[in-house]
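Coordinates from work22.csv are shown below (CSV, N, CA and C atoms).
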```csv
chain,number,residue,atom,x,y,z
A,6,MET,N,-3.6,-24.9,-14.6
A,6,MET,CA,-4.5,-24.1,-13.9
A,6,MET,C,-3.8,-22.7,-13.7
A,7,GLU,N,-4.6,-21.6,-13.9
A,7,GLU,CA,-4.1,-20.3,-13.9
A,7,GLU,C,-4.0,-19.8,-12.4
A,8,ARG,N,-2.8,-19.2,-12.1
A,8,ARG,CA,-2.6,-18.7,-10.8
A,8,ARG,C,-3.3,-17.3,-10.7
A,9,PRO,N,-3.7,-16.9,-9.5
A,9,PRO,CA,-4.3,-15.5,-9.4
A,9,PRO,C,-3.4,-14.4,-9.9
A,10,GLU,N,-2.0,-14.5,-9.7
A,10,GLU,CA,-1.1,-13.5,-10.2
A,10,GLU,C,-1.1,-13.4,-11.7
A,11,ASP,N,-1.4,-14.5,-12.4
A,11,ASP,CA,-1.4,-14.5,-13.8
A,11,ASP,C,-2.6,-13.9,-14.4
A,12,ALA,N,-3.7,-13.8,-13.6
A,12,ALA,CA,-5.0,-13.3,-14.1
A,12,ALA,C,-5.1,-11.8,-13.8
A,13,ARG,N,-4.1,-11.2,-13.2
A,13,ARG,CA,-4.3,-9.7,-12.9
A,13,ARG,C,-4.1,-8.9,-14.2
A,14,ARG,N,-4.8,-7.8,-14.2
A,14,ARG,CA,-4.8,-6.9,-15.4
A,14,ARG,C,-3.5,-6.2,-15.5
A,15,HIS,N,-2.9,-5.7,-14.4
A,15,HIS,CA,-1.7,-5.0,-14.5
A,15,HIS,C,-0.6,-5.7,-13.7
A,16,PRO,N,0.6,-5.7,-14.2
A,16,PRO,CA,1.7,-6.4,-13.4
A,16,PRO,C,1.9,-5.7,-12.1
A,17,ARG,N,2.4,-6.4,-11.1
A,17,ARG,CA,2.7,-5.9,-9.8
A,17,ARG,C,4.2,-5.6,-9.7
A,18,HIS,N,4.5,-4.5,-8.9
A,18,HIS,CA,5.9,-4.2,-8.7
A,18,HIS,C,6.2,-3.9,-7.3
A,19,GLN,N,7.5,-4.1,-6.9
A,19,GLN,CA,7.9,-3.8,-5.5
A,19,GLN,C,8.7,-2.5,-5.7
A,20,LEU,N,8.1,-1.4,-5.4
A,20,LEU,CA,8.7,0.0,-5.6
A,20,LEU,C,8.7,0.7,-4.2
A,21,PRO,N,9.7,1.6,-4.0
A,21,PRO,CA,9.5,2.5,-2.9
A,21,PRO,C,8.4,3.4,-3.1
A,22,VAL,N,7.6,3.6,-2.0
A,22,VAL,CA,6.4,4.5,-2.1
A,22,VAL,C,6.4,5.5,-1.0
A,23,TYR,N,6.1,6.7,-1.3
A,23,TYR,CA,6.0,7.8,-0.3
A,23,TYR,C,4.6,8.2,-0.1
A,24,VAL,N,4.1,8.1,1.1
A,24,VAL,CA,2.7,8.4,1.4
A,24,VAL,C,2.7,9.5,2.5
A,25,GLU,N,2.1,10.6,2.2
A,25,GLU,CA,2.0,11.7,3.1
A,25,GLU,C,0.6,11.6,3.9
A,26,ALA,N,0.7,11.1,5.1
A,26,ALA,CA,-0.5,10.9,6.0
A,26,ALA,C,-0.2,11.4,7.4
A,27,PRO,N,-0.4,12.7,7.7
A,27,PRO,CA,0.0,13.3,9.0
A,27,PRO,C,-0.6,12.5,10.2
A,28,ALA,N,-1.8,11.9,10.0
A,28,ALA,CA,-2.4,11.2,11.1
A,28,ALA,C,-1.6,10.0,11.5
A,29,TRP,N,-0.9,9.4,10.6
A,29,TRP,CA,-0.1,8.2,10.9
A,29,TRP,C,1.4,8.5,10.8
A,30,GLU,N,1.8,9.7,11.2
A,30,GLU,CA,3.2,10.1,11.1
A,30,GLU,C,4.2,9.3,12.0
A,31,HIS,N,3.6,8.6,13.1
A,31,HIS,CA,4.5,7.9,14.0
A,31,HIS,C,4.2,6.4,13.8
A,32,SER,N,3.5,6.0,12.8
A,32,SER,CA,3.2,4.5,12.5
A,32,SER,C,3.8,4.2,11.2
A,33,PRO,N,4.4,3.0,11.1
A,33,PRO,CA,4.9,2.6,9.8
A,33,PRO,C,3.8,2.3,8.8
A,34,ILE,N,4.0,2.7,7.6
A,34,ILE,CA,3.1,2.5,6.5
A,34,ILE,C,3.8,1.7,5.4
A,35,GLU,N,3.3,0.5,5.1
A,35,GLU,CA,4.0,-0.4,4.1
A,35,GLU,C,3.1,-0.5,2.9
A,36,ALA,N,3.7,-0.3,1.7
A,36,ALA,CA,3.0,-0.5,0.4
A,36,ALA,C,3.3,-1.8,-0.2
A,37,LYS,N,2.3,-2.5,-0.7
A,37,LYS,CA,2.5,-3.8,-1.4
A,37,LYS,C,1.8,-3.7,-2.7
A,38,ASP,N,2.1,-4.6,-3.6
A,38,ASP,CA,1.4,-4.8,-4.9
A,38,ASP,C,1.1,-3.5,-5.6
A,39,VAL,N,2.1,-2.7,-5.9
A,39,VAL,CA,2.0,-1.4,-6.6
A,39,VAL,C,1.8,-1.8,-8.1
A,40,SER,N,0.7,-1.2,-8.7
A,40,SER,CA,0.5,-1.4,-10.1
A,40,SER,C,-0.2,-0.2,-10.7
A,41,ALA,N,-0.5,-0.2,-11.9
A,41,ALA,CA,-1.2,0.9,-12.6
A,41,ALA,C,-2.7,1.0,-12.0
A,42,GLY,N,-3.2,-0.1,-11.5
A,42,GLY,CA,-4.6,-0.1,-11.0
A,42,GLY,C,-4.7,0.4,-9.5
A,43,GLY,N,-3.5,0.6,-8.9
A,43,GLY,CA,-3.6,1.1,-7.5
A,43,GLY,C,-2.5,0.4,-6.6
A,44,LEU,N,-2.7,0.4,-5.3
A,44,LEU,CA,-1.7,-0.2,-4.4
A,44,LEU,C,-2.4,-0.6,-3.2
A,45,TYR,N,-1.7,-1.5,-2.4
A,45,TYR,CA,-2.3,-2.0,-1.1
A,45,TYR,C,-1.4,-1.4,0.0
A,46,LEU,N,-2.0,-0.8,1.0
A,46,LEU,CA,-1.3,-0.2,2.1
A,46,LEU,C,-1.6,-1.0,3.4
A,47,THR,N,-0.6,-1.2,4.2
A,47,THR,CA,-0.7,-1.7,5.5
A,47,THR,C,-0.3,-0.7,6.5
A,48,VAL,N,-1.1,-0.3,7.4
A,48,VAL,CA,-0.8,0.7,8.5
A,48,VAL,C,-0.9,0.0,9.8
A,49,ARG,N,0.2,0.1,10.6
A,49,ARG,CA,0.2,-0.4,12.0
A,49,ARG,C,-0.1,0.7,12.9
A,50,GLY,N,-1.0,0.5,13.9
A,50,GLY,CA,-1.3,1.5,14.9
A,50,GLY,C,-2.6,2.2,14.5
A,51,LEU,N,-2.9,3.2,15.3
A,51,LEU,CA,-4.1,4.0,15.2
A,51,LEU,C,-3.7,5.4,14.7
A,52,PRO,N,-4.5,6.1,14.0
A,52,PRO,CA,-4.2,7.5,13.6
A,52,PRO,C,-4.1,8.4,14.9
A,53,ALA,N,-3.4,9.5,14.7
A,53,ALA,CA,-3.4,10.5,15.8
A,53,ALA,C,-4.7,11.2,16.0
A,54,PRO,N,-5.1,11.6,17.2
A,54,PRO,CA,-6.4,12.3,17.3
A,54,PRO,C,-6.4,13.6,16.6
A,55,PRO,N,-7.5,14.0,16.1
A,55,PRO,CA,-7.6,15.3,15.4
A,55,PRO,C,-7.2,16.5,16.4
A,56,ARG,N,-6.6,17.5,15.8
A,56,ARG,CA,-6.2,18.7,16.6
A,56,ARG,C,-7.3,19.7,16.6
```
Can you turn what I pasted into structure tokens?
Amino acid sequence: MERPEDARRHPRHQLPVYVEAPAWEHSPIEAKDVSAGGLYLTVRGLPAPPR
């Protein structure tokens, strides 16, 4: 049986990722599943209110 990871078009990597997001400057942003097709971000907390 084929596992979901084996069926993906692009291989996944664990790489350091820099994200510039001023609204979330005080909340940790974690990147997962980095590939040529995109990446998955997890943000904890709420964005800062607009100025």
> Which residue, A:Arg14, A:Gly50, A:Leu44, A:Gln19, has the smallest gap to Ser32 of chain A when you use only N, CA and C atoms?
Replying inline: A:Gly50
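Between atom CA of Arg17 of chain A and atom CA of Leu51 of chain A there is a distance of 27.7 Å.
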> Using all atoms listed in the file, which of the listed residues (A:Ala53, A:Ser40, A:Pro16, A:Thr47) sits closest to Ala28 of chain A?
Replying inline: A:Ala53
Tell me, which residues of chain A carry DSSP strand (DSSP E or B), written as an mmCIF file with N, CA and C atoms, in the coordinates of the input?
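What follows is the written file part22.cif:
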```cif
data_model
loop_
_atom_site.group_PDB
_atom_site.id
_atom_site.type_symbol
_atom_site.label_atom_id
_atom_site.label_comp_id
_atom_site.auth_asym_id
_atom_site.auth_seq_id
_atom_site.Cartn_x
_atom_site.Cartn_y
_atom_site.Cartn_z
ATOM 1 N N HIS A 18 4.500 -4.500 -8.900
ATOM 2 C CA HIS A 18 5.900 -4.200 -8.700
ATOM 3 C C HIS A 18 6.200 -3.900 -7.300
ATOM 4 N N ILE A 34 4.000 2.700 7.600
ATOM 5 C CA ILE A 34 3.100 2.500 6.500
ATOM 6 C C ILE A 34 3.800 1.700 5.400
ATOM 7 N N GLU A 35 3.300 0.500 5.100
ATOM 8 C CA GLU A 35 4.000 -0.400 4.100
ATOM 9 C C GLU A 35 3.100 -0.500 2.900
ATOM 10 N N ALA A 36 3.700 -0.300 1.700
ATOM 11 C CA ALA A 36 3.000 -0.500 0.400
ATOM 12 C C ALA A 36 3.300 -1.800 -0.200
ATOM 13 N N LYS A 37 2.300 -2.500 -0.700
ATOM 14 C CA LYS A 37 2.500 -3.800 -1.400
ATOM 15 C C LYS A 37 1.800 -3.700 -2.700
ATOM 16 N N ASP A 38 2.100 -4.600 -3.600
ATOM 17 C CA ASP A 38 1.400 -4.800 -4.900
ATOM 18 C C ASP A 38 1.100 -3.500 -5.600
ATOM 19 N N VAL A 39 2.100 -2.700 -5.900
ATOM 20 C CA VAL A 39 2.000 -1.400 -6.600
ATOM 21 C C VAL A 39 1.800 -1.800 -8.100
ATOM 22 N N SER A 40 0.700 -1.200 -8.700
ATOM 23 C CA SER A 40 0.500 -1.400 -10.100
ATOM 24 C C SER A 40 -0.200 -0.200 -10.700
ATOM 25 N N GLY A 43 -3.500 0.600 -8.900
ATOM 26 C CA GLY A 43 -3.600 1.100 -7.500
ATOM 27 C C GLY A 43 -2.500 0.400 -6.600
ATOM 28 N N LEU A 44 -2.700 0.400 -5.300
ATOM 29 C CA LEU A 44 -1.700 -0.200 -4.400
ATOM 30 C C LEU A 44 -2.400 -0.600 -3.200
ATOM 31 N N TYR A 45 -1.700 -1.500 -2.400
ATOM 32 C CA TYR A 45 -2.300 -2.000 -1.100
ATOM 33 C C TYR A 45 -1.400 -1.400 0.000
ATOM 34 N N LEU A 46 -2.000 -0.800 1.000
ATOM 35 C CA LEU A 46 -1.300 -0.200 2.100
ATOM 36 C C LEU A 46 -1.600 -1.000 3.400
ATOM 37 N N THR A 47 -0.600 -1.200 4.200
ATOM 38 C CA THR A 47 -0.700 -1.700 5.500
ATOM 39 C C THR A 47 -0.300 -0.700 6.500
ATOM 40 N N VAL A 48 -1.100 -0.300 7.400
ATOM 41 C CA VAL A 48 -0.800 0.700 8.500
ATOM 42 C C VAL A 48 -0.900 0.000 9.800
#
```
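Note that atom N of Ile34 of chain A and atom C of Arg13 of chain A are 26.0 Å apart.
One finds atom CA of His18 of chain A at 10.2 Å from atom CA of Ala36 of chain A.
For chain A, backbone-based DSSP assignment of helix (DSSP H, G or I) covers Pro9, Glu10, Asp11, Ala12, Pro27, Ala28 and Trp29 of chain A.
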> Looking at only C-alpha atoms, which of A:Val22, A:Arg49, A:Arg56, A:His15 is the one that sits closest to Lys37 of chain A?
Replying inline: A:Val22
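Restricting the calculation to only N, CA and C atoms, the smallest distance between Leu20 of chain A and any of A:Pro33, A:Pro55, A:Asp38, A:Gly43 is found for A:Asp38.
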